[in-house]
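Structure below is data.csv: CSV, C-alpha atoms (C1' of nucleotides).
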chain,number,residue,atom,x,y,z
R,1,MET,CA,102.7,-42.1,-157.7
R,2,LEU,CA,105.1,-44.0,-160.0
R,3,ARG,CA,107.8,-41.5,-160.9
R,4,LYS,CA,111.2,-41.0,-162.4
R,5,VAL,CA,114.1,-42.8,-160.6
R,6,ASP,CA,116.6,-40.5,-158.9
R,7,LYS,CA,119.8,-41.2,-160.7
R,8,HIS,CA,122.0,-39.3,-158.2
R,9,SER,CA,120.7,-40.9,-155.0
R,10,GLY,CA,123.3,-43.7,-155.1
R,11,ILE,CA,120.5,-46.2,-154.6
R,12,PRO,CA,120.5,-48.7,-157.5
R,13,ALA,CA,117.7,-47.7,-160.0
R,14,TYR,CA,116.1,-51.2,-160.0
R,15,LEU,CA,115.8,-51.1,-156.2
R,16,GLN,CA,114.1,-47.7,-156.3
R,17,ILE,CA,111.6,-49.2,-158.7
R,18,VAL,CA,111.0,-52.2,-156.5
R,19,ASN,CA,110.5,-50.0,-153.5
R,20,MET,CA,108.2,-47.6,-155.3
R,21,ILE,CA,105.9,-50.4,-156.6
R,22,LYS,CA,106.0,-52.2,-153.2
R,23,SER,CA,104.9,-49.2,-151.3
R,24,GLU,CA,102.1,-48.3,-153.7
R,25,ILE,CA,100.8,-51.8,-153.1
R,26,LEU,CA,101.2,-51.5,-149.4
R,27,LEU,CA,99.4,-48.2,-149.4
R,28,GLY,CA,96.6,-49.6,-151.4
R,29,ASN,CA,97.2,-47.3,-154.4
R,30,LEU,CA,97.8,-50.4,-156.6
R,31,GLN,CA,95.0,-52.8,-156.0
R,32,LYS,CA,95.1,-56.6,-155.9
R,33,GLY,CA,94.6,-58.1,-159.3
R,34,SER,CA,95.1,-54.9,-161.2
R,35,GLN,CA,97.4,-54.6,-164.1
R,36,LEU,CA,100.7,-52.7,-164.2
R,37,PRO,CA,101.6,-50.5,-167.1
R,38,SER,CA,103.6,-52.4,-169.8
R,39,ILE,CA,107.3,-52.9,-169.5
R,40,ARG,CA,107.9,-50.4,-172.3
R,41,ASP,CA,105.6,-47.8,-170.6
R,42,LEU,CA,107.3,-48.4,-167.3
R,43,GLN,CA,110.6,-47.8,-169.0
R,44,VAL,CA,109.4,-44.3,-169.9
R,45,ILE,CA,107.8,-43.6,-166.5
R,46,PHE,CA,110.9,-44.5,-164.6
R,47,ASP,CA,113.3,-43.2,-167.2
R,48,VAL,CA,115.6,-46.3,-167.3
R,49,ASN,CA,116.5,-49.0,-169.7
R,50,ILE,CA,114.1,-51.8,-170.4
R,51,ASN,CA,116.5,-54.3,-168.7
R,52,THR,CA,116.4,-52.3,-165.5
R,53,VAL,CA,112.6,-52.5,-165.5
R,54,ILE,CA,112.7,-56.2,-166.1
R,55,LYS,CA,115.2,-56.7,-163.3
R,56,ALA,CA,112.9,-54.9,-160.9
R,57,LEU,CA,109.8,-56.8,-162.0
R,58,GLU,CA,111.6,-60.1,-161.7
R,59,LYS,CA,112.5,-59.3,-158.1
R,60,LEU,CA,109.0,-58.3,-157.3
R,61,LYS,CA,107.9,-61.6,-158.8
R,62,THR,CA,110.4,-63.6,-156.7
R,63,GLU,CA,109.1,-61.8,-153.6
R,64,GLY,CA,105.5,-62.7,-154.5
R,65,TYR,CA,104.2,-59.2,-155.0
R,66,ILE,CA,103.3,-59.5,-158.7
R,67,GLU,CA,102.9,-62.2,-161.4
R,68,SER,CA,103.2,-62.1,-165.2
R,69,GLU,CA,101.3,-63.6,-168.1
R,70,GLN,CA,103.1,-63.9,-171.5
R,71,GLY,CA,101.8,-61.5,-174.0
R,72,ILE,CA,99.3,-59.9,-171.6
R,73,GLY,CA,101.0,-58.1,-168.7
R,74,TYR,CA,102.0,-57.9,-165.1
R,75,PHE,CA,99.5,-58.1,-162.3
R,76,ILE,CA,99.5,-57.2,-158.6
R,77,LYS,CA,99.4,-60.6,-156.9
R,78,LYS,CA,98.5,-59.9,-153.3
R,79,ASP,CA,98.2,-56.8,-151.2
R,80,ILE,CA,100.0,-57.6,-148.1
R,81,ASP,CA,97.8,-56.4,-145.3
R,82,VAL,CA,99.1,-53.3,-143.7
R,83,GLU,CA,96.9,-52.2,-140.9
R,84,GLU,CA,95.3,-48.8,-141.6
R,85,SER,CA,96.4,-47.8,-138.1
R,86,VAL,CA,100.1,-48.1,-139.1
R,87,ILE,CA,99.6,-45.9,-142.1
R,88,LYS,CA,97.8,-43.4,-139.8
R,89,ILE,CA,100.7,-43.4,-137.4
R,90,ILE,CA,103.2,-42.7,-140.2
R,91,ARG,CA,101.0,-40.0,-141.8
R,92,GLU,CA,100.8,-38.1,-138.5
R,93,CYS,CA,104.5,-38.4,-137.9
R,94,VAL,CA,105.3,-37.1,-141.4
R,95,THR,CA,102.9,-34.2,-141.0
R,96,LYS,CA,104.6,-33.2,-137.7
R,97,LEU,CA,108.0,-33.5,-139.3
R,98,LYS,CA,107.1,-31.4,-142.3
R,99,ASN,CA,105.8,-28.7,-139.9
R,100,SER,CA,109.1,-28.7,-138.2
R,101,ARG,CA,110.7,-27.9,-141.6
R,102,ILE,CA,113.1,-30.8,-141.2
R,103,ASP,CA,114.2,-32.2,-144.6
R,104,TYR,CA,113.4,-35.7,-145.9
R,105,HIS,CA,116.9,-37.1,-145.9
R,106,THR,CA,117.7,-36.0,-142.3
R,107,SER,CA,114.4,-37.5,-141.1
R,108,MET,CA,115.1,-40.8,-142.8
R,109,LEU,CA,118.6,-40.9,-141.3
R,110,ILE,CA,117.3,-40.3,-137.8
R,111,PHE,CA,114.4,-42.7,-138.3
R,112,GLU,CA,116.7,-45.4,-139.3
R,113,GLU,CA,119.1,-44.8,-136.5
R,114,VAL,CA,116.4,-44.6,-133.9
R,115,TRP,CA,114.8,-47.8,-135.1
R,116,LYS,CA,118.0,-49.8,-135.1
R,117,ASN,CA,119.2,-48.6,-131.7
R,118,GLU,CA,116.3,-48.2,-129.4
K,1,MET,CA,126.1,-47.3,-132.7
K,2,LEU,CA,128.6,-47.9,-135.5
K,3,ARG,CA,128.1,-51.4,-136.8
K,4,LYS,CA,128.7,-53.8,-139.6
K,5,VAL,CA,127.5,-52.9,-143.0
K,6,ASP,CA,124.6,-55.0,-144.4
K,7,LYS,CA,126.1,-56.6,-147.5
K,8,HIS,CA,122.7,-57.9,-148.7
K,9,SER,CA,120.7,-54.7,-148.6
K,10,GLY,CA,121.6,-53.6,-152.0
K,11,ILE,CA,122.6,-50.2,-150.7
K,12,PRO,CA,126.2,-49.5,-151.6
K,13,ALA,CA,128.4,-50.1,-148.5
K,14,TYR,CA,130.1,-46.7,-148.6
K,15,LEU,CA,126.7,-45.0,-148.5
K,16,GLN,CA,125.6,-47.1,-145.5
K,17,ILE,CA,128.8,-45.9,-143.8
K,18,VAL,CA,128.1,-42.3,-144.7
K,19,ASN,CA,124.6,-42.5,-143.4
K,20,MET,CA,125.5,-44.2,-140.2
K,21,ILE,CA,128.1,-41.6,-139.3
K,22,LYS,CA,125.9,-38.8,-140.4
K,23,SER,CA,123.0,-39.9,-138.2
K,24,GLU,CA,125.2,-40.5,-135.2
K,25,ILE,CA,126.3,-36.8,-135.6
K,26,LEU,CA,122.7,-35.7,-136.0
K,27,LEU,CA,121.6,-37.6,-132.9
K,28,GLY,CA,124.5,-36.1,-130.9
K,29,ASN,CA,126.2,-39.5,-130.3
K,30,LEU,CA,129.3,-38.3,-132.1
K,31,GLN,CA,130.1,-34.9,-130.7
K,32,LYS,CA,131.6,-31.8,-132.4
K,33,GLY,CA,135.4,-31.9,-132.3
K,34,SER,CA,135.6,-35.6,-131.2
K,35,GLN,CA,137.9,-38.0,-133.1
K,36,LEU,CA,136.6,-40.9,-135.1
K,37,PRO,CA,138.3,-44.4,-134.8
K,38,SER,CA,141.2,-44.7,-137.2
K,39,ILE,CA,140.5,-45.8,-140.8
K,40,ARG,CA,142.0,-49.3,-140.1
K,41,ASP,CA,139.7,-49.6,-137.0
K,42,LEU,CA,136.7,-48.5,-139.0
K,43,GLN,CA,137.6,-51.1,-141.6
K,44,VAL,CA,137.1,-53.8,-138.9
K,45,ILE,CA,134.0,-52.1,-137.4
K,46,PHE,CA,132.2,-51.9,-140.7
K,47,ASP,CA,133.7,-55.1,-142.1
K,48,VAL,CA,134.7,-53.6,-145.5
K,49,ASN,CA,137.8,-52.9,-147.4
K,50,ILE,CA,140.0,-49.9,-146.4
K,51,ASN,CA,139.2,-48.2,-149.7
K,52,THR,CA,135.5,-48.3,-149.0
K,53,VAL,CA,136.1,-46.6,-145.7
K,54,ILE,CA,138.2,-43.9,-147.3
K,55,LYS,CA,135.5,-43.4,-150.0
K,56,ALA,CA,132.9,-42.9,-147.3
K,57,LEU,CA,135.1,-40.5,-145.2
K,58,GLU,CA,136.0,-38.5,-148.3
K,59,LYS,CA,132.3,-38.0,-149.0
K,60,LEU,CA,131.7,-36.9,-145.5
K,61,LYS,CA,134.6,-34.5,-145.8
K,62,THR,CA,133.2,-33.0,-149.0
K,63,GLU,CA,129.8,-32.6,-147.3
K,64,GLY,CA,131.4,-30.8,-144.4
K,65,TYR,CA,130.7,-33.2,-141.7
K,66,ILE,CA,134.2,-34.2,-140.8
K,67,GLU,CA,137.8,-33.1,-141.5
K,68,SER,CA,141.1,-34.9,-141.4
K,69,GLU,CA,144.6,-34.2,-140.2
K,70,GLN,CA,147.5,-36.1,-141.8
K,71,GLY,CA,149.0,-38.6,-139.3
K,72,ILE,CA,146.5,-37.7,-136.6
K,73,GLY,CA,142.9,-38.7,-137.6
K,74,TYR,CA,139.4,-37.7,-138.6
K,75,PHE,CA,137.4,-35.3,-136.5
K,76,ILE,CA,133.7,-34.3,-136.4
K,77,LYS,CA,133.5,-30.9,-137.8
K,78,LYS,CA,130.0,-29.6,-137.1
K,79,ASP,CA,127.0,-31.0,-135.5
K,80,ILE,CA,124.1,-29.9,-137.6
K,81,ASP,CA,121.5,-28.7,-135.2
K,82,VAL,CA,118.6,-31.1,-135.1
K,83,GLU,CA,115.9,-29.8,-132.8
K,84,GLU,CA,115.3,-32.1,-129.9
K,85,SER,CA,111.6,-31.9,-130.7
K,86,VAL,CA,112.1,-33.6,-134.0
K,87,ILE,CA,114.0,-36.5,-132.5
K,88,LYS,CA,111.2,-36.8,-130.0
K,89,ILE,CA,108.5,-37.0,-132.7
K,90,ILE,CA,110.5,-39.7,-134.5
K,91,ARG,CA,111.1,-41.7,-131.2
K,92,GLU,CA,107.4,-41.7,-130.5
K,93,CYS,CA,106.5,-42.8,-134.0
K,94,VAL,CA,109.1,-45.6,-133.9
K,95,THR,CA,107.8,-46.8,-130.5
K,96,LYS,CA,104.2,-47.0,-131.8
K,97,LEU,CA,105.3,-48.8,-135.0
K,98,LYS,CA,107.3,-51.3,-133.1
K,99,ASN,CA,104.2,-52.0,-130.9
K,100,SER,CA,102.3,-52.6,-134.1
K,101,ARG,CA,104.8,-55.3,-134.9
K,102,ILE,CA,105.3,-53.9,-138.4
K,103,ASP,CA,108.8,-54.5,-139.7
K,104,TYR,CA,111.5,-51.9,-140.4
K,105,HIS,CA,111.6,-52.2,-144.2
K,106,THR,CA,107.8,-51.9,-144.6
K,107,SER,CA,107.8,-48.9,-142.3
K,108,MET,CA,110.5,-47.2,-144.3
K,109,LEU,CA,108.7,-47.9,-147.6
K,110,ILE,CA,105.5,-46.4,-146.3
K,111,PHE,CA,107.3,-43.5,-144.7
K,112,GLU,CA,109.1,-42.7,-147.9
K,113,GLU,CA,105.9,-42.9,-150.0
K,114,VAL,CA,103.8,-40.9,-147.6
K,115,TRP,CA,106.5,-38.2,-147.4
K,116,LYS,CA,106.9,-37.8,-151.2
K,117,ASN,CA,103.2,-37.9,-152.1
K,118,GLU,CA,101.3,-36.1,-149.3
Y,1,DT,C1',166.3,-41.9,-133.7
Y,2,DA,C1',163.5,-45.9,-134.1
Y,3,DT,C1',158.9,-47.5,-133.8
Y,4,DA,C1',154.2,-47.5,-134.2
Y,5,DC,C1',150.6,-45.3,-134.9
Y,6,DT,C1',147.9,-41.9,-138.0
Y,7,DG,C1',146.1,-40.4,-143.1
Y,8,DT,C1',147.1,-40.7,-148.3
Y,9,DT,C1',147.8,-42.4,-152.9
Y,10,DA,C1',148.0,-46.0,-156.3
Y,11,DT,C1',147.4,-50.2,-159.2
Y,12,DA,C1',145.0,-54.3,-160.6
Y,13,DT,C1',141.0,-57.3,-160.4
Y,14,DT,C1',136.3,-58.7,-159.8
Y,15,DA,C1',131.3,-58.2,-159.3
Y,16,DT,C1',127.4,-55.4,-159.9
Y,17,DT,C1',124.6,-52.1,-162.2
Y,18,DA,C1',122.9,-49.9,-166.2
Y,19,DT,C1',122.8,-49.2,-171.0
Y,20,DA,C1',121.8,-50.0,-176.1
Y,21,DT,C1',120.0,-53.0,-179.1
Y,22,DA,C1',118.1,-57.0,-181.2
Y,23,DA,C1',115.4,-60.8,-181.7
Y,24,DC,C1',111.9,-64.2,-180.2
Y,25,DA,C1',107.2,-65.6,-178.5
Y,26,DG,C1',102.4,-65.2,-176.7
Y,27,DT,C1',97.7,-62.5,-177.1
Y,28,DA,C1',94.1,-59.8,-178.9
Y,29,DT,C1',91.9,-57.7,-182.6
Y,30,DA,C1',90.7,-55.4,-187.1
W,1,DT,C1',95.8,-63.4,-191.5
W,2,DA,C1',98.2,-59.3,-190.6
W,3,DT,C1',99.2,-56.0,-187.1
W,4,DA,C1',100.2,-54.2,-182.9
W,5,DC,C1',100.4,-54.8,-178.6
W,6,DT,C1',102.1,-57.8,-174.6
W,7,DG,C1',106.3,-60.5,-172.0
W,8,DT,C1',111.0,-63.0,-172.7
W,9,DT,C1',115.7,-63.8,-173.7
W,10,DA,C1',120.2,-62.6,-175.3
W,11,DT,C1',124.7,-60.2,-176.3
W,12,DA,C1',127.9,-56.6,-175.9
W,13,DT,C1',129.6,-52.4,-173.6
W,14,DA,C1',130.4,-49.0,-170.1
W,15,DA,C1',130.2,-47.1,-165.5
W,16,DT,C1',130.3,-47.9,-160.7
W,17,DA,C1',131.3,-50.3,-156.4
W,18,DA,C1',134.2,-53.3,-153.8
W,19,DT,C1',138.1,-55.9,-153.1
W,20,DA,C1',143.2,-57.1,-152.3
W,21,DT,C1',147.5,-55.2,-151.8
W,22,DA,C1',151.3,-52.2,-151.6
W,23,DA,C1',153.7,-48.2,-150.7
W,24,DC,C1',154.3,-43.4,-149.2
W,25,DA,C1',154.0,-39.5,-145.7
W,26,DG,C1',152.9,-37.1,-141.4
W,27,DT,C1',152.7,-37.4,-136.0
W,28,DA,C1',153.7,-38.8,-131.5
W,29,DT,C1',156.5,-41.0,-128.2
W,30,DA,C1',159.7,-44.3,-126.0
Starting from the coordinates I provided, produce the structure as structure tokens.
Amino acid sequence: MLRKVDKHSGIPAYLQIVNMIKSEILLGNLQKGSQLPSIRDLQVIFDVNINTVIKALEKLKTEGYIESEQGIGYFIKKDIDVEESVIKIIRECVTKLKNSRIDYHTSMLIFEEVWKNE
Amino acid sequence: MLRKVDKHSGIPAYLQIVNMIKSEILLGNLQKGSQLPSIRDLQVIFDVNINTVIKALEKLKTEGYIESEQGIGYFIKKDIDVEESVIKIIRECVTKLKNSRIDYHTSMLIFEEVWKNE
DNA sequence: TATACTGTTATATTATTATATAACAGTATA
DNA sequence: TATACTGTTATATAATAATATAACAGTATA
């Protein structure tokens, strides 16, 4: 689930980290109240500098997704309720798209454009 | 279709421009052989510096989406065939999601995570 | 030919992002 | 208490992204 940042995507690493953790929370893979790996472990997991991890975690804190305790760790604060039906819709869509052998980036581009213009 | 760049999204402006033009081509809104607005017009449309426009257009050139002619303009080179069925799948998904009142960013996060992990 | 469009190239400056590295401070436990 | 984990703060450096601005060069047309 949590994985190396893509350093060639052009998307700032700290944002990739923010998005990865957010979506894990949204999907229920990171549960309310549970503890995240330590900063120094996350540094290895994401393959970035410690400051980049901190920048991402601070942003998630500001947005209310996590909280921290000195000397202990970071914890998932709230799992924003995402209706199971929404996840189901997206799962079905992704399955269909993968069967169409269309690639991820093209799908995302079309998805974005369709969303913003229709 | 072509619109102002979002300067608070964190995504580099030149990449937003690249993606916007790409998806317009993919969706068939920018047709093969047709001419893009001039660099100085695009500068106004996207609300960025001229160098940022040039950076985006150079990238699109490198990737084979457009070509340029000195003193004349930029032209759409090829429209990568996207099956109409794929666009239909995405349109239906977006419609359902909008009816669920889920927001764009959350949808994209879930979409990305589901794609990469299932 | 003169003008007004095109794309192209260049320089300098600022802000953001990411890195390396170090040190400090709170917590738990042998 | 000593140790080894946690988070926190700080400084310096480099790479990237974005800006402002200017000048050069090709094309079309009045």
Over all C-alpha pairs taken in sequence order, what does chain R look like after a least-squares fit onto chain K? Please give it as a compact mmCIF listing (two decimals) with C-alpha atoms, in the coordinates of the input.
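That gives us superposed_31.txt:
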# COMPACT_ATOMS: atom_id res chain seq x y z
CA MET R 1 126.15 -47.47 -132.75
CA LEU R 2 128.68 -47.93 -135.59
CA ARG R 3 128.09 -51.45 -136.88
CA LYS R 4 128.77 -53.90 -139.63
CA VAL R 5 127.50 -52.89 -143.13
CA ASP R 6 124.68 -55.04 -144.49
CA LYS R 7 126.15 -56.58 -147.56
CA HIS R 8 122.81 -57.94 -148.87
CA SER R 9 120.77 -54.75 -148.59
CA GLY R 10 121.66 -53.62 -152.13
CA ILE R 11 122.62 -50.24 -150.73
CA PRO R 12 126.26 -49.48 -151.63
CA ALA R 13 128.48 -50.19 -148.52
CA TYR R 14 130.14 -46.72 -148.60
CA LEU R 15 126.72 -45.05 -148.52
CA GLN R 16 125.64 -47.11 -145.51
CA ILE R 17 128.76 -45.90 -143.77
CA VAL R 18 128.10 -42.30 -144.66
CA ASN R 19 124.56 -42.57 -143.44
CA MET R 20 125.50 -44.31 -140.22
CA ILE R 21 128.14 -41.67 -139.29
CA LYS R 22 125.81 -38.81 -140.36
CA SER R 23 123.01 -39.94 -138.19
CA GLU R 24 125.18 -40.53 -135.14
CA ILE R 25 126.26 -36.93 -135.52
CA LEU R 26 122.75 -35.75 -135.98
CA LEU R 27 121.64 -37.65 -132.93
CA GLY R 28 124.40 -36.22 -130.89
CA ASN R 29 126.07 -39.60 -130.25
CA LEU R 30 129.25 -38.31 -132.00
CA GLN R 31 130.08 -34.97 -130.56
CA LYS R 32 131.54 -31.92 -132.29
CA GLY R 33 135.29 -31.97 -132.28
CA SER R 34 135.61 -35.56 -131.23
CA GLN R 35 137.79 -38.00 -132.99
CA LEU R 36 136.65 -40.94 -135.14
CA PRO R 37 138.23 -44.32 -134.82
CA SER R 38 141.17 -44.78 -137.27
CA ILE R 39 140.60 -45.79 -140.83
CA ARG R 40 142.01 -49.25 -140.12
CA ASP R 41 139.73 -49.65 -137.03
CA LEU R 42 136.77 -48.45 -139.02
CA GLN R 43 137.60 -51.03 -141.63
CA VAL R 44 137.13 -53.73 -138.98
CA ILE R 45 134.00 -52.17 -137.45
CA PHE R 46 132.24 -51.92 -140.74
CA ASP R 47 133.72 -55.07 -142.18
CA VAL R 48 134.77 -53.58 -145.58
CA ASN R 49 137.92 -52.82 -147.41
CA ILE R 50 140.03 -49.88 -146.42
CA ASN R 51 139.20 -48.14 -149.76
CA THR R 52 135.51 -48.33 -149.01
CA VAL R 53 136.11 -46.59 -145.67
CA ILE R 54 138.16 -43.92 -147.33
CA LYS R 55 135.51 -43.36 -149.96
CA ALA R 56 132.92 -42.81 -147.26
CA LEU R 57 135.11 -40.48 -145.23
CA GLU R 58 135.96 -38.45 -148.29
CA LYS R 59 132.26 -37.92 -148.98
CA LEU R 60 131.61 -36.92 -145.45
CA LYS R 61 134.47 -34.46 -145.79
CA THR R 62 133.06 -33.00 -149.04
CA GLU R 63 129.70 -32.57 -147.28
CA GLY R 64 131.37 -30.74 -144.37
CA TYR R 65 130.56 -33.22 -141.66
CA ILE R 66 134.14 -34.20 -140.75
CA GLU R 67 137.74 -33.03 -141.39
CA SER R 68 141.08 -34.86 -141.39
CA GLU R 69 144.57 -34.12 -140.15
CA GLN R 70 147.51 -36.08 -141.69
CA GLY R 71 148.95 -38.54 -139.33
CA ILE R 72 146.47 -37.76 -136.53
CA GLY R 73 142.88 -38.66 -137.46
CA TYR R 74 139.42 -37.69 -138.50
CA PHE R 75 137.32 -35.29 -136.51
CA ILE R 76 133.62 -34.42 -136.35
CA LYS R 77 133.50 -30.92 -137.83
CA LYS R 78 130.09 -29.56 -136.94
CA ASP R 79 126.97 -31.02 -135.46
CA ILE R 80 124.26 -29.80 -137.61
CA ASP R 81 121.54 -28.64 -135.29
CA VAL R 82 118.64 -30.98 -135.22
CA GLU R 83 115.97 -29.75 -132.93
CA GLU R 84 115.42 -32.11 -129.98
CA SER R 85 111.70 -31.87 -130.75
CA VAL R 86 112.22 -33.59 -134.15
CA ILE R 87 114.09 -36.44 -132.56
CA LYS R 88 111.23 -36.71 -130.01
CA ILE R 89 108.67 -36.88 -132.76
CA ILE R 90 110.56 -39.68 -134.54
CA ARG R 91 111.19 -41.62 -131.29
CA GLU R 92 107.46 -41.65 -130.49
CA CYS R 93 106.54 -42.68 -133.99
CA VAL R 94 109.05 -45.56 -133.93
CA THR R 95 107.82 -46.72 -130.54
CA LYS R 96 104.21 -46.81 -131.84
CA LEU R 97 105.31 -48.67 -134.93
CA LYS R 98 107.27 -51.27 -133.03
CA ASN R 99 104.17 -51.86 -130.84
CA SER R 100 102.19 -52.50 -133.91
CA ARG R 101 104.70 -55.27 -134.80
CA ILE R 102 105.21 -53.76 -138.23
CA ASP R 103 108.70 -54.56 -139.62
CA TYR R 104 111.42 -51.98 -140.33
CA HIS R 105 111.52 -52.31 -144.09
CA THR R 106 107.72 -51.97 -144.55
CA SER R 107 107.70 -48.89 -142.31
CA MET R 108 110.50 -47.26 -144.26
CA LEU R 109 108.71 -47.99 -147.54
CA ILE R 110 105.49 -46.43 -146.33
CA PHE R 111 107.32 -43.51 -144.73
CA GLU R 112 109.02 -42.73 -147.90
CA GLU R 113 105.93 -43.01 -149.97
CA VAL R 114 103.87 -40.93 -147.62
CA TRP R 115 106.49 -38.21 -147.49
CA LYS R 116 106.87 -37.94 -151.23
CA ASN R 117 103.15 -37.94 -152.00
CA GLU R 118 101.31 -36.07 -149.36
Give me the residues of chain K that have any atom at most 8 Å from an atom of chain Y; for each, the nearest atom pair and the distance in Å, rounded to one decimal. Use only C-alpha atoms (C1' of nucleotides), sort by chain and number, and format it as JSON lines.
{"residue": "K:Ser38", "atom": "CA", "partner": "Y:DT6", "partner_atom": "C1'", "distance": 7.3}
{"residue": "K:Ser68", "atom": "CA", "partner": "Y:DG7", "partner_atom": "C1'", "distance": 7.6}
{"residue": "K:Glu69", "atom": "CA", "partner": "Y:DG7", "partner_atom": "C1'", "distance": 7.0}
{"residue": "K:Gln70", "atom": "CA", "partner": "Y:DG7", "partner_atom": "C1'", "distance": 4.7}
{"residue": "K:Gly71", "atom": "CA", "partner": "Y:DT6", "partner_atom": "C1'", "distance": 3.7}
{"residue": "K:Ile72", "atom": "CA", "partner": "Y:DT6", "partner_atom": "C1'", "distance": 4.6}
{"residue": "K:Gly73", "atom": "CA", "partner": "Y:DT6", "partner_atom": "C1'", "distance": 5.9}
Per residue of chain W within 10 Å of chain R, note the shortest atom pair and the distance in Å to one decimal, counting all atoms listed in the file, and order the rows by chain and increasing residue number, as CSV.
residue,atom,partner,partner_atom,distance
W:DC5,C1',R:Gly71,CA,8.2
W:DT6,C1',R:Gly71,CA,3.8
W:DG7,C1',R:Gln70,CA,4.7
W:DT8,C1',R:Gln70,CA,8.0
W:DT16,C1',R:Gly10,CA,9.9
(message) Can you work out which residues from chain R touch chain K at a cut-off of 9 Å (counting all atoms listed in the file) and hand them back as a ChimeraX atom specification?
(response) /R:1,10-12,15,19-20,22-24,26-27,82-83,85-87,89-98,100,102,104,106-118
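Between DA18 in chain W and the residues K:Val18, K:Val53, K:Ser34, K:Ile45, the shortest atom-to-atom distance, using only C-alpha atoms (C1' of nucleotides), involves K:Val53.
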(message) Can you measure CA of Lys77 in chain K to CA of Ile17 in chain K for me? One decimal in Å is fine.
(response) 16.8 Å
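Computed from the coordinates, the CA of Val44 in chain K to CA of Phe75 in chain K distance equals 18.7 Å.
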(message) What does the structure give for the distance between CA of Ala13 in chain R and CA of Asn51 in chain R, in Å to one decimal?
(response)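 Distance reported for this atom pair: 11.0 Å.
The shortest atom-to-atom distance to Lys7 in chain R, with all atoms listed in the file taken into account, belongs to R:Asp47 out of R:Pro37, R:Leu42, R:Gly64, R:Asp47.
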Start from the incomplete input, build N, CA, C and O atoms for range 107-118 of chain R, and deliver everything as a short mmCIF file (atom, residue, chain, number, x, y, z; two decimals), in the coordinates of the input.
data_model
loop_
_atom_site.label_atom_id
_atom_site.label_comp_id
_atom_site.auth_asym_id
_atom_site.auth_seq_id
_atom_site.Cartn_x
_atom_site.Cartn_y
_atom_site.Cartn_z
N SER R 107 115.38 -36.68 -141.85
CA SER R 107 114.40 -37.50 -141.10
C SER R 107 114.59 -38.95 -141.29
O SER R 107 114.55 -39.70 -140.31
N MET R 108 114.89 -39.37 -142.52
CA MET R 108 115.10 -40.80 -142.80
C MET R 108 116.31 -41.31 -142.01
O MET R 108 116.30 -42.42 -141.47
N LEU R 109 117.36 -40.52 -141.98
CA LEU R 109 118.60 -40.90 -141.30
C LEU R 109 118.28 -41.15 -139.79
O LEU R 109 118.66 -42.15 -139.20
N ILE R 110 117.58 -40.18 -139.20
CA ILE R 110 117.30 -40.30 -137.80
C ILE R 110 116.32 -41.45 -137.53
O ILE R 110 116.51 -42.22 -136.60
N PHE R 111 115.33 -41.56 -138.40
CA PHE R 111 114.40 -42.70 -138.30
C PHE R 111 115.08 -44.00 -138.27
O PHE R 111 114.85 -44.86 -137.40
N GLU R 112 115.97 -44.18 -139.22
CA GLU R 112 116.70 -45.40 -139.30
C GLU R 112 117.54 -45.71 -138.07
O GLU R 112 117.53 -46.81 -137.52
N GLU R 113 118.23 -44.67 -137.63
CA GLU R 113 119.10 -44.80 -136.50
C GLU R 113 118.33 -45.12 -135.21
O GLU R 113 118.71 -45.98 -134.41
N VAL R 114 117.23 -44.39 -135.03
CA VAL R 114 116.40 -44.60 -133.90
C VAL R 114 115.82 -46.01 -133.87
O VAL R 114 115.83 -46.72 -132.86
N TRP R 115 115.35 -46.44 -135.02
CA TRP R 115 114.80 -47.80 -135.10
C TRP R 115 115.79 -48.86 -134.76
O TRP R 115 115.50 -49.78 -134.00
N LYS R 116 116.98 -48.72 -135.26
CA LYS R 116 118.00 -49.80 -135.10
C LYS R 116 118.65 -49.79 -133.75
O LYS R 116 119.34 -50.74 -133.40
N ASN R 117 118.49 -48.71 -132.99
CA ASN R 117 119.20 -48.60 -131.70
C ASN R 117 118.42 -48.48 -130.49
O ASN R 117 118.97 -48.40 -129.41
N GLU R 118 117.10 -48.39 -130.65
CA GLU R 118 116.30 -48.20 -129.40
C GLU R 118 115.27 -49.22 -129.19
O GLU R 118 115.04 -50.05 -130.03
#
